[in-house]
Amino acid sequence: MPMQQVEAGPLLDKIDIPSDLRKLNEDQLVQVSNELRQYIIDIVSVNGGHFGASLGVVELTVALHYVFNTPNDQLVWDVGHQAYGHKILTGRRNVFHTNRIYEGISGFPKRSESPYDTFGVGHSSTSISAALGMAVASRLKKDKKRQHIAIIGDGAMTAGLAFEGLNHAGVEDSNLIVILNDNCMSIDPNVGALKEYLTDITTSQTYNKVKDEVWKLLGVISKFGPNAQAIAQKVEGAVKSALLKQSNMFESLSFRYFGPIDGHDVKHMVKVLNDLKKIPGPKILHCLTVKGKGYELAEKDQTKWHAPGLFDKITGEIYKPIIDKPQPPKYQDVFGHTIVELAEMNNRIVGITPAMPSGCSLNIMMKAIPDRAFDVGIAEQHAVTFSAGLATQGMIPYCNIYSSFMQRAYDQVVHDVALQNLNVVFCLDRGGLAGADGPTHHGAFDYAFFRCIPNMIVSAPMNEQELRNLMYTAQHPNMGPFSIRYPRGNGVMVDWRKPFQAIPVGTGRKVRGGEKVAILSIGHPGNFVVDACDQLAKEGLYPAHYDMRFVKPLDIVLLHEIFAEFKMIITIEDGCIQGGFGSAIAEFMIDNHYAAQITRLGIPDRFIEHGEQKELYRECNFDAQAIMETVRQIEGVTTSAKVISK
Ligand SMILES: Cc1ncc(C[n+]2csc(CCOP(=O)(O)OP(=O)(O)O)c2C)c(N)n1
C-alpha cells in the first residue's frame, strides 16, 4: 500500500487551517497556489485518486478560504472530487497521504471528518440546494453576515437537481453565492445545450461588452452619492433587465450574474469575491478554469487524467500492472463491446449513459455507432425516462447507470418504465462495494430496491459470459424492464467472447453438487464461492453451490430441489442483506413452508467506508475466507479463524 507523505512548500507548510492562510498578504497567494498544486501532484501520483479536477480549482480554493471566514462561512463543494486542495488547507495536510485508503480520510468532503466539510458529497449537483438550505437557515436565525457558497462544475450543472436549486434560490432572499467552475468538461467532454450556452456567454463579445459597459456606468453613477444611488438602482433595473436579463439565463432566474472571470488569477478572484460578499441576494460567479491546470499532460487529455491511478509525476507515465499472461477483461468493457455486437444484429438497440461514457465503456458504441449511443449529461432521471420514451416506440434502450447513481432515478424506473412494462434494459455498473470512492459510490441497495418493483427482472452475471448472455436475452420479445448488474473491476474469464446463448428468465444453475450445506450466490461473488469450495474440499467439506443468476423471478424449480435436499443454506450477495437476494430466498422458504437454517452473507446494515474492494469484502465477511469459515461453523468444525459476526 503506497501511503507516502511528501513535503509541503515553505508557505503551505505553515498553513494548518485557513486562518493561517488569511495571515498572508495577497501577493503571497500565487506562491501558495503553486505549492498547493505541487502538493496535490506529489501525493496523487503516489497514492492515486481524482486529479485533474482538484488541479483546476487550486486558485479558486485558495481565494475562497482567503476571502471567506470558513468554517463559519459555508463552502459547499459539488461532487467533492475537486476538494483535495480544500482538504489540505483545512487541517488534513498531514493525513492527506491516507486519502481514499482503507481507514484513511475520504476522497470526498464528509461532515464527520471536518467542520470545514459542510455537506457530505460524492454524487453530483447537490450543492446549490444544500447551500440554499444553509442560507435560508441562517436567515431564519437572523444571521445576516454568514455566507454560503456552492461551488459547482459545468458538468454537475447539467443535472435537473441543480436547476431545481437555482429555480428556488432565485426567489429566496438569502446570502447565496454559486460559483460555476466552468472547464467545459465533465469526466468526458461536457454535453448538451447548456454547454453551448456557457461557451456562447464566455465568447460573445457583444454580450460581454454590453455587460461591462452597464457595470461601468453603474459604478460611475454610484459615485455621486445617495441620490444618485437611487437613480443607479433605477438605471440598473431598467438597463439590466433590458440588456442582460434577456440574454442571461441566470439573470432570468433572478440571480445576479458576474463573470466570466479567469479562475486561475487568484488575486483578481480575491477582489471579485470580496465585492460579491457585499451584494445581498443570490449571485452567480462564472469562473473559467482548465481541468488539470499546471500539469501539462492532464490539461491535454482531461478524461484520462480525471483519475489516472498511480503515475510518475516527472515523466507522466501512468503505471500499469506488469502482466505476464492474458487477463480477464473489466466487466464494463464486456458491456461496451457486447452492446456494439448486439446493436449490429438488432437495429432497435440504443445505448444511453448519463455522463459516464468512459466509466461504463459506452464510449465504444459512441465511436462505432454514434447515432444510436447517447451521453445525456449528469441526468440519471432523464436517462431513464428518455429510455422509456424510446421504448414506447419499439426501440430497445440499454440504459447504463452506476448502481449508486441509479438511486436518483428510482421513481422514473417505477413510474415511467415498470408501470408501463416497457422493455428498458438497465445495465447497472459498479454494483456492490465499489472500492476507494466509498459509501457514496457503493452499489449496495439495487437488489433490494429493484426486486420489490412489479414487472422488473433482476439479474446478475457471475462472469463475462453470463453478462453477454443476459444482455442478449434482454432484447428478446416481451421482456419488459430487465436489470443486469455487475461490479466494478475485472471478471474471471480470459476467453470471454463466446457465441450468444439465451438464458431462460428465472433460471439458475448448479455449479457443483455437494452435501449438507448449499451455498446460493448471485452475481460475481459466486467466484468467491468457487474458491471457497475448492479449499473446503481439501478439508473434506463439500458444500453444494448454485449460481442463481436471477433475484427476480427466482428459479422456483431449482429452489424446491435445493430446499428438499438441504437443511443448511448460505446465501451470498454483494448487496445489502436487508431486503436483498438472501431475503428473497428466505421469503421463498417461508412461503413454501420449508424449514431450513439460512445464513445470509452480504453487506450489513450500515454504511461501509472506502478501501480496496477486497478489504471491504473481508470487512463485510463475504470473501472466500468468510464463506469457508461460515461453512465450517455450520458444519460444526472448529477453527481458530475469525468468528463470523454480523
Ligand atoms: C449523480 C452522479 N452522477 C455521476 C457522477 C460521476 N461524476 C463524478 S465527477 C463527474 C463530472 C463532473 O463534472 P464537473 O461538475 O464539470 O466537474 P469537473 O470534474 O469538470 O471539475 C461525474 C459525471 C456523480 N458523481 N454523481
# chains A, B, ... in the order shown; residues from 1 in each chain; ligands from 1
$ select_by_dssp --residues "region 340-589 of chain A" --states "helix (DSSP H, G or I)" --output "MDAnalysis selection string"
chainID A and resid 340:345 357:360 363:368 370:372 380:392 403:418 446:451 464:473 526:538 556:565 581:589
$ closest_atom_pairs --of "chain A" --to "ligand 1" --cutoff "6 Å" --atoms "only C-alpha atoms and all ligand atoms" --output "CSV"
residue,atom,partner,partner_atom_place_in_ligand_line,distance
A:Ala53,CA,ligand 1,21 (O),4.2
A:Val79,CA,ligand 1,25 (N),5.3
A:Gly122,CA,ligand 1,25 (N),5.3
A:His123,CA,ligand 1,26 (N),3.4
A:Ser124,CA,ligand 1,26 (N),3.9
A:Ile152,CA,ligand 1,15 (O),5.9
A:Gly153,CA,ligand 1,15 (O),3.3
A:Asp154,CA,ligand 1,16 (O),4.2
A:Gly155,CA,ligand 1,16 (O),3.3
A:Ala156,CA,ligand 1,15 (O),3.7
A:Asn183,CA,ligand 1,20 (O),5.8
A:Met185,CA,ligand 1,20 (O),4.5
A:Ser186,CA,ligand 1,13 (O),3.4
A:Ile187,CA,ligand 1,11 (C),4.4
A:Ala355,CA,ligand 1,23 (C),4.9
A:Met356,CA,ligand 1,23 (C),5.9
A:Ile378,CA,ligand 1,3 (N),5.3
A:Phe405,CA,ligand 1,1 (C),5.1
$ closest_residue --among "A:His337, A:Arg92, A:His50, A:Arg100" --to "Pro18 (chain A)" --atoms "only C-alpha atoms"
A:Arg92
$ closest_atom_pairs --of "region 442-518 of chain A" --to "region 553-575 of chain A" --cutoff "6 Å" --atoms "only C-alpha atoms" --output "JSON lines"
{"residue": "A:Ala444", "atom": "CA", "partner": "A:Gly575", "partner_atom": "CA", "distance": 4.5}
{"residue": "A:Gly506", "atom": "CA", "partner": "A:Pro553", "partner_atom": "CA", "distance": 4.8}
{"residue": "A:Thr507", "atom": "CA", "partner": "A:Asp555", "partner_atom": "CA", "distance": 4.8}
{"residue": "A:Gly508", "atom": "CA", "partner": "A:Asp555", "partner_atom": "CA", "distance": 5.9}
{"residue": "A:Lys516", "atom": "CA", "partner": "A:Phe566", "partner_atom": "CA", "distance": 6.0}
{"residue": "A:Val517", "atom": "CA", "partner": "A:Met568", "partner_atom": "CA", "distance": 4.9}
{"residue": "A:Ala518", "atom": "CA", "partner": "A:Ile569", "partner_atom": "CA", "distance": 4.9}
$ closest_residue --among "A:Met269, A:Val121, A:Met479, A:Ile105" --to "Leu64 (chain A)" --atoms "only C-alpha atoms"
A:Met269
$ select_by_dssp --residues "region 485-593 of chain A" --states "strand (DSSP E or B)" --output "list in words"
Arg485, Asn490, Arg509, Lys510, Val511, Arg512, Val517, Ala518, Ile519, Leu520, Ser521, Ala544, His545, Tyr546, Asp547, Phe550, Val551, Lys552, Met568, Ile569, Ile570, Thr571, Ile572, Glu573, Asp574, Gly575 and Cys576 of chain A
$ atom_distance --atom1 "CA of Ala586 (chain A)" --atom2 "CA of Cys427 (chain A)"
26.1 Å
$ atom_distance --atom1 "CA of Ile598 (chain A)" --atom2 "CA of Gly579 (chain A)"
14.3 Å
$ closest_residue --among "A:Trp305, A:Ala8, A:Ile314, A:Met249" --to "Ser54 (chain A)" --atoms "only C-alpha atoms"
A:Trp305
$ atom_distance --atom1 "CA of Val191 (chain A)" --atom2 "CA of Lys300 (chain A)"
18.4 Å
$ residues_around --residues "His524 (chain A)" --least-positions-apart "4" --cutoff "9 Å" --atoms "only C-alpha atoms" --output "mmCIF file with N, CA, C and O atoms, in the first residue's frame"
data_model
loop_
_atom_site.group_PDB
_atom_site.id
_atom_site.type_symbol
_atom_site.label_atom_id
_atom_site.label_comp_id
_atom_site.auth_asym_id
_atom_site.auth_seq_id
_atom_site.Cartn_x
_atom_site.Cartn_y
_atom_site.Cartn_z
ATOM 1 N N ALA A 460 -28.070 -10.891 -12.306
ATOM 2 C CA ALA A 460 -26.655 -10.538 -12.126
ATOM 3 C C ALA A 460 -25.795 -11.697 -12.615
ATOM 4 O O ALA A 460 -25.989 -12.842 -12.200
ATOM 5 N N PRO A 461 -24.848 -11.399 -13.512
ATOM 6 C CA PRO A 461 -23.987 -12.459 -14.055
ATOM 7 C C PRO A 461 -22.850 -12.806 -13.097
ATOM 8 O O PRO A 461 -22.345 -11.946 -12.391
ATOM 9 N N MET A 462 -22.466 -14.072 -13.123
ATOM 10 C CA MET A 462 -21.319 -14.495 -12.309
ATOM 11 C C MET A 462 -20.006 -14.281 -13.069
ATOM 12 O O MET A 462 -18.944 -14.252 -12.469
ATOM 13 N N ASN A 463 -20.106 -14.145 -14.377
ATOM 14 C CA ASN A 463 -18.882 -13.962 -15.168
ATOM 15 C C ASN A 463 -19.215 -13.264 -16.485
ATOM 16 O O ASN A 463 -20.383 -12.937 -16.755
ATOM 17 N N TYR A 486 -23.597 -5.685 -12.414
ATOM 18 C CA TYR A 486 -22.266 -6.281 -12.317
ATOM 19 C C TYR A 486 -21.340 -5.306 -11.604
ATOM 20 O O TYR A 486 -21.635 -4.113 -11.511
ATOM 21 N N PRO A 487 -20.218 -5.819 -11.101
ATOM 22 C CA PRO A 487 -19.386 -4.965 -10.247
ATOM 23 C C PRO A 487 -18.357 -4.154 -11.007
ATOM 24 O O PRO A 487 -18.148 -4.338 -12.203
ATOM 25 N N GLY A 491 -13.585 -9.353 -14.572
ATOM 26 C CA GLY A 491 -14.284 -10.620 -14.444
ATOM 27 C C GLY A 491 -13.286 -11.734 -14.197
ATOM 28 O O GLY A 491 -12.211 -11.510 -13.602
ATOM 29 N N VAL A 492 -13.637 -12.921 -14.701
ATOM 30 C CA VAL A 492 -12.790 -14.088 -14.402
ATOM 31 C C VAL A 492 -12.421 -14.898 -15.638
ATOM 32 O O VAL A 492 -11.688 -15.877 -15.529
ATOM 33 N N PHE A 528 -16.193 -16.175 -5.489
ATOM 34 C CA PHE A 528 -15.612 -16.363 -4.151
ATOM 35 C C PHE A 528 -16.036 -17.742 -3.624
ATOM 36 O O PHE A 528 -15.279 -18.412 -2.927
ATOM 37 N N GLU A 573 -24.278 -12.428 -1.390
ATOM 38 C CA GLU A 573 -24.522 -11.364 -2.374
ATOM 39 C C GLU A 573 -23.615 -10.182 -2.069
ATOM 40 O O GLU A 573 -23.268 -9.939 -0.912
ATOM 41 N N ASP A 574 -23.299 -9.415 -3.093
ATOM 42 C CA ASP A 574 -22.533 -8.186 -2.941
ATOM 43 C C ASP A 574 -23.550 -7.043 -2.904
ATOM 44 O O ASP A 574 -23.559 -6.151 -3.748
#
$ residues_around --residues "Ala150 (chain A)" --least-positions-apart "6" --cutoff "12 Å" --atoms "only C-alpha atoms" --output "mmCIF file with N, CA and C atoms, in the first residue's frame"
data_model
loop_
_atom_site.group_PDB
_atom_site.id
_atom_site.type_symbol
_atom_site.label_atom_id
_atom_site.label_comp_id
_atom_site.auth_asym_id
_atom_site.auth_seq_id
_atom_site.Cartn_x
_atom_site.Cartn_y
_atom_site.Cartn_z
ATOM 1 N N LEU A 64 -11.137 31.324 -2.041
ATOM 2 C CA LEU A 64 -12.340 31.158 -1.207
ATOM 3 C C LEU A 64 -11.977 31.133 0.277
ATOM 4 N N ASP A 73 -18.437 30.731 7.526
ATOM 5 C CA ASP A 73 -18.999 30.812 6.173
ATOM 6 C C ASP A 73 -18.918 29.412 5.581
ATOM 7 N N GLN A 74 -19.916 29.056 4.817
ATOM 8 C CA GLN A 74 -20.046 27.648 4.438
ATOM 9 C C GLN A 74 -19.710 27.422 2.964
ATOM 10 N N LEU A 75 -18.669 26.637 2.743
ATOM 11 C CA LEU A 75 -18.341 26.239 1.364
ATOM 12 C C LEU A 75 -18.977 24.883 1.105
ATOM 13 N N VAL A 76 -19.734 24.795 0.042
ATOM 14 C CA VAL A 76 -20.373 23.517 -0.300
ATOM 15 C C VAL A 76 -19.839 23.074 -1.665
ATOM 16 N N TRP A 77 -19.041 22.042 -1.636
ATOM 17 C CA TRP A 77 -18.444 21.545 -2.889
ATOM 18 C C TRP A 77 -19.414 20.581 -3.557
ATOM 19 N N ASP A 78 -19.526 20.701 -4.871
ATOM 20 C CA ASP A 78 -20.373 19.772 -5.601
ATOM 21 C C ASP A 78 -19.549 18.555 -6.045
ATOM 22 N N VAL A 79 -20.100 17.390 -5.909
ATOM 23 C CA VAL A 79 -19.401 16.110 -6.140
ATOM 24 C C VAL A 79 -18.295 15.902 -5.093
ATOM 25 N N GLY A 80 -17.402 16.893 -4.993
ATOM 26 C CA GLY A 80 -16.363 16.815 -3.963
ATOM 27 C C GLY A 80 -15.071 16.177 -4.423
ATOM 28 N N THR A 118 -18.895 21.065 4.949
ATOM 29 C CA THR A 118 -20.235 21.442 5.414
ATOM 30 C C THR A 118 -21.303 20.461 4.968
ATOM 31 N N PHE A 119 -21.000 19.710 3.913
ATOM 32 C CA PHE A 119 -22.031 18.812 3.382
ATOM 33 C C PHE A 119 -21.364 17.607 2.734
ATOM 34 N N SER A 125 -24.338 17.535 -8.121
ATOM 35 C CA SER A 125 -25.417 18.503 -8.343
ATOM 36 C C SER A 125 -26.277 18.788 -7.122
ATOM 37 N N THR A 126 -25.722 18.526 -5.947
ATOM 38 C CA THR A 126 -26.473 18.774 -4.713
ATOM 39 C C THR A 126 -26.143 20.137 -4.104
ATOM 40 N N SER A 127 -25.065 20.771 -4.577
ATOM 41 C CA SER A 127 -24.504 21.902 -3.818
ATOM 42 C C SER A 127 -25.439 23.093 -3.728
ATOM 43 N N ILE A 128 -26.169 23.392 -4.792
ATOM 44 C CA ILE A 128 -26.993 24.610 -4.759
ATOM 45 C C ILE A 128 -28.137 24.426 -3.758
ATOM 46 N N SER A 129 -28.789 23.266 -3.819
ATOM 47 C CA SER A 129 -29.892 23.019 -2.881
ATOM 48 C C SER A 129 -29.386 23.023 -1.446
ATOM 49 N N ALA A 130 -28.254 22.357 -1.221
ATOM 50 C CA ALA A 130 -27.744 22.264 0.153
ATOM 51 C C ALA A 130 -27.329 23.641 0.664
ATOM 52 N N ALA A 131 -26.607 24.390 -0.167
ATOM 53 C CA ALA A 131 -26.160 25.721 0.275
ATOM 54 C C ALA A 131 -27.364 26.638 0.481
ATOM 55 N N LEU A 132 -28.364 26.488 -0.353
ATOM 56 C CA LEU A 132 -29.566 27.312 -0.170
ATOM 57 C C LEU A 132 -30.244 26.968 1.166
ATOM 58 N N GLY A 133 -30.308 25.691 1.464
ATOM 59 C CA GLY A 133 -30.882 25.287 2.759
ATOM 60 C C GLY A 133 -30.126 25.929 3.917
ATOM 61 N N MET A 134 -28.801 25.934 3.803
ATOM 62 C CA MET A 134 -27.987 26.551 4.863
ATOM 63 C C MET A 134 -28.238 28.056 4.921
ATOM 64 N N ALA A 135 -28.341 28.669 3.736
ATOM 65 C CA ALA A 135 -28.527 30.121 3.685
ATOM 66 C C ALA A 135 -29.886 30.518 4.277
ATOM 67 N N ALA A 156 -21.717 19.194 -13.485
ATOM 68 C CA ALA A 156 -22.738 18.995 -12.450
ATOM 69 C C ALA A 156 -23.941 19.903 -12.683
ATOM 70 N N MET A 157 -23.687 21.028 -13.346
ATOM 71 C CA MET A 157 -24.790 21.963 -13.601
ATOM 72 C C MET A 157 -25.800 21.396 -14.602
ATOM 73 N N ALA A 162 -29.696 20.578 -9.967
ATOM 74 C CA ALA A 162 -29.047 21.887 -9.916
ATOM 75 C C ALA A 162 -30.038 22.975 -10.331
ATOM 76 N N GLY A 165 -32.561 23.694 -7.675
ATOM 77 C CA GLY A 165 -31.977 24.577 -6.664
ATOM 78 C C GLY A 165 -31.941 26.020 -7.137
ATOM 79 N N LEU A 166 -31.521 26.239 -8.373
ATOM 80 C CA LEU A 166 -31.455 27.602 -8.913
ATOM 81 C C LEU A 166 -32.843 28.234 -8.930
ATOM 82 N N ALA A 169 -33.751 29.160 -5.448
ATOM 83 C CA ALA A 169 -32.872 30.187 -4.877
ATOM 84 C C ALA A 169 -33.221 31.578 -5.408
ATOM 85 N N ASN A 175 -28.149 34.810 1.505
ATOM 86 C CA ASN A 175 -26.735 35.024 1.185
ATOM 87 C C ASN A 175 -26.175 33.816 0.455
ATOM 88 N N LEU A 176 -26.515 33.696 -0.780
ATOM 89 C CA LEU A 176 -26.054 32.534 -1.535
ATOM 90 C C LEU A 176 -25.200 32.981 -2.713
ATOM 91 N N ILE A 177 -24.017 32.411 -2.788
ATOM 92 C CA ILE A 177 -23.181 32.633 -3.977
ATOM 93 C C ILE A 177 -22.985 31.277 -4.642
ATOM 94 N N VAL A 178 -23.294 31.218 -5.918
ATOM 95 C CA VAL A 178 -23.000 29.997 -6.677
ATOM 96 C C VAL A 178 -21.771 30.279 -7.528
ATOM 97 N N ILE A 179 -20.758 29.469 -7.363
ATOM 98 C CA ILE A 179 -19.573 29.620 -8.216
ATOM 99 C C ILE A 179 -19.649 28.541 -9.273
ATOM 100 N N LEU A 180 -19.762 28.961 -10.504
ATOM 101 C CA LEU A 180 -19.811 27.994 -11.596
ATOM 102 C C LEU A 180 -18.386 27.788 -12.100
ATOM 103 N N ASN A 181 -17.847 26.615 -11.808
ATOM 104 C CA ASN A 181 -16.482 26.293 -12.217
ATOM 105 C C ASN A 181 -16.550 25.662 -13.611
ATOM 106 N N PRO A 282 -29.173 36.175 -4.136
ATOM 107 C CA PRO A 282 -28.486 35.114 -4.876
ATOM 108 C C PRO A 282 -27.632 35.647 -6.023
ATOM 109 N N LYS A 283 -26.424 35.157 -6.081
ATOM 110 C CA LYS A 283 -25.476 35.631 -7.097
ATOM 111 C C LYS A 283 -24.781 34.430 -7.708
ATOM 112 N N ILE A 284 -24.382 34.574 -8.939
ATOM 113 C CA ILE A 284 -23.588 33.509 -9.557
ATOM 114 C C ILE A 284 -22.310 34.106 -10.136
ATOM 115 N N LEU A 285 -21.198 33.477 -9.834
ATOM 116 C CA LEU A 285 -19.916 33.917 -10.385
ATOM 117 C C LEU A 285 -19.430 32.830 -11.331
ATOM 118 N N HIS A 286 -19.241 33.218 -12.564
ATOM 119 C CA HIS A 286 -18.849 32.283 -13.627
ATOM 120 C C HIS A 286 -17.319 32.326 -13.759
#
$ residues_around --residues "region 615-632 of chain A" --least-positions-apart "5" --cutoff "10 Å" --atoms "only C-alpha atoms" --output "PyMOL selection string"
chain A and resi 102+432-436+438+516-519+525-536+539+541-543+568-574+599-604+608-610+637-646
$ residues_around --residues "region 66-69 of chain A" --least-positions-apart "6" --cutoff "10 Å" --atoms "only C-alpha atoms" --output "VMD selection string"
chain A and resid 18 to 26 29 60 75 146 to 149 269 to 274 277
$ residues_around --residues "Met406 (chain A)" --least-positions-apart "5" --cutoff "8 Å" --atoms "only C-alpha atoms" --output "list in words"
Glu380, Ile401 and Leu428 of chain A
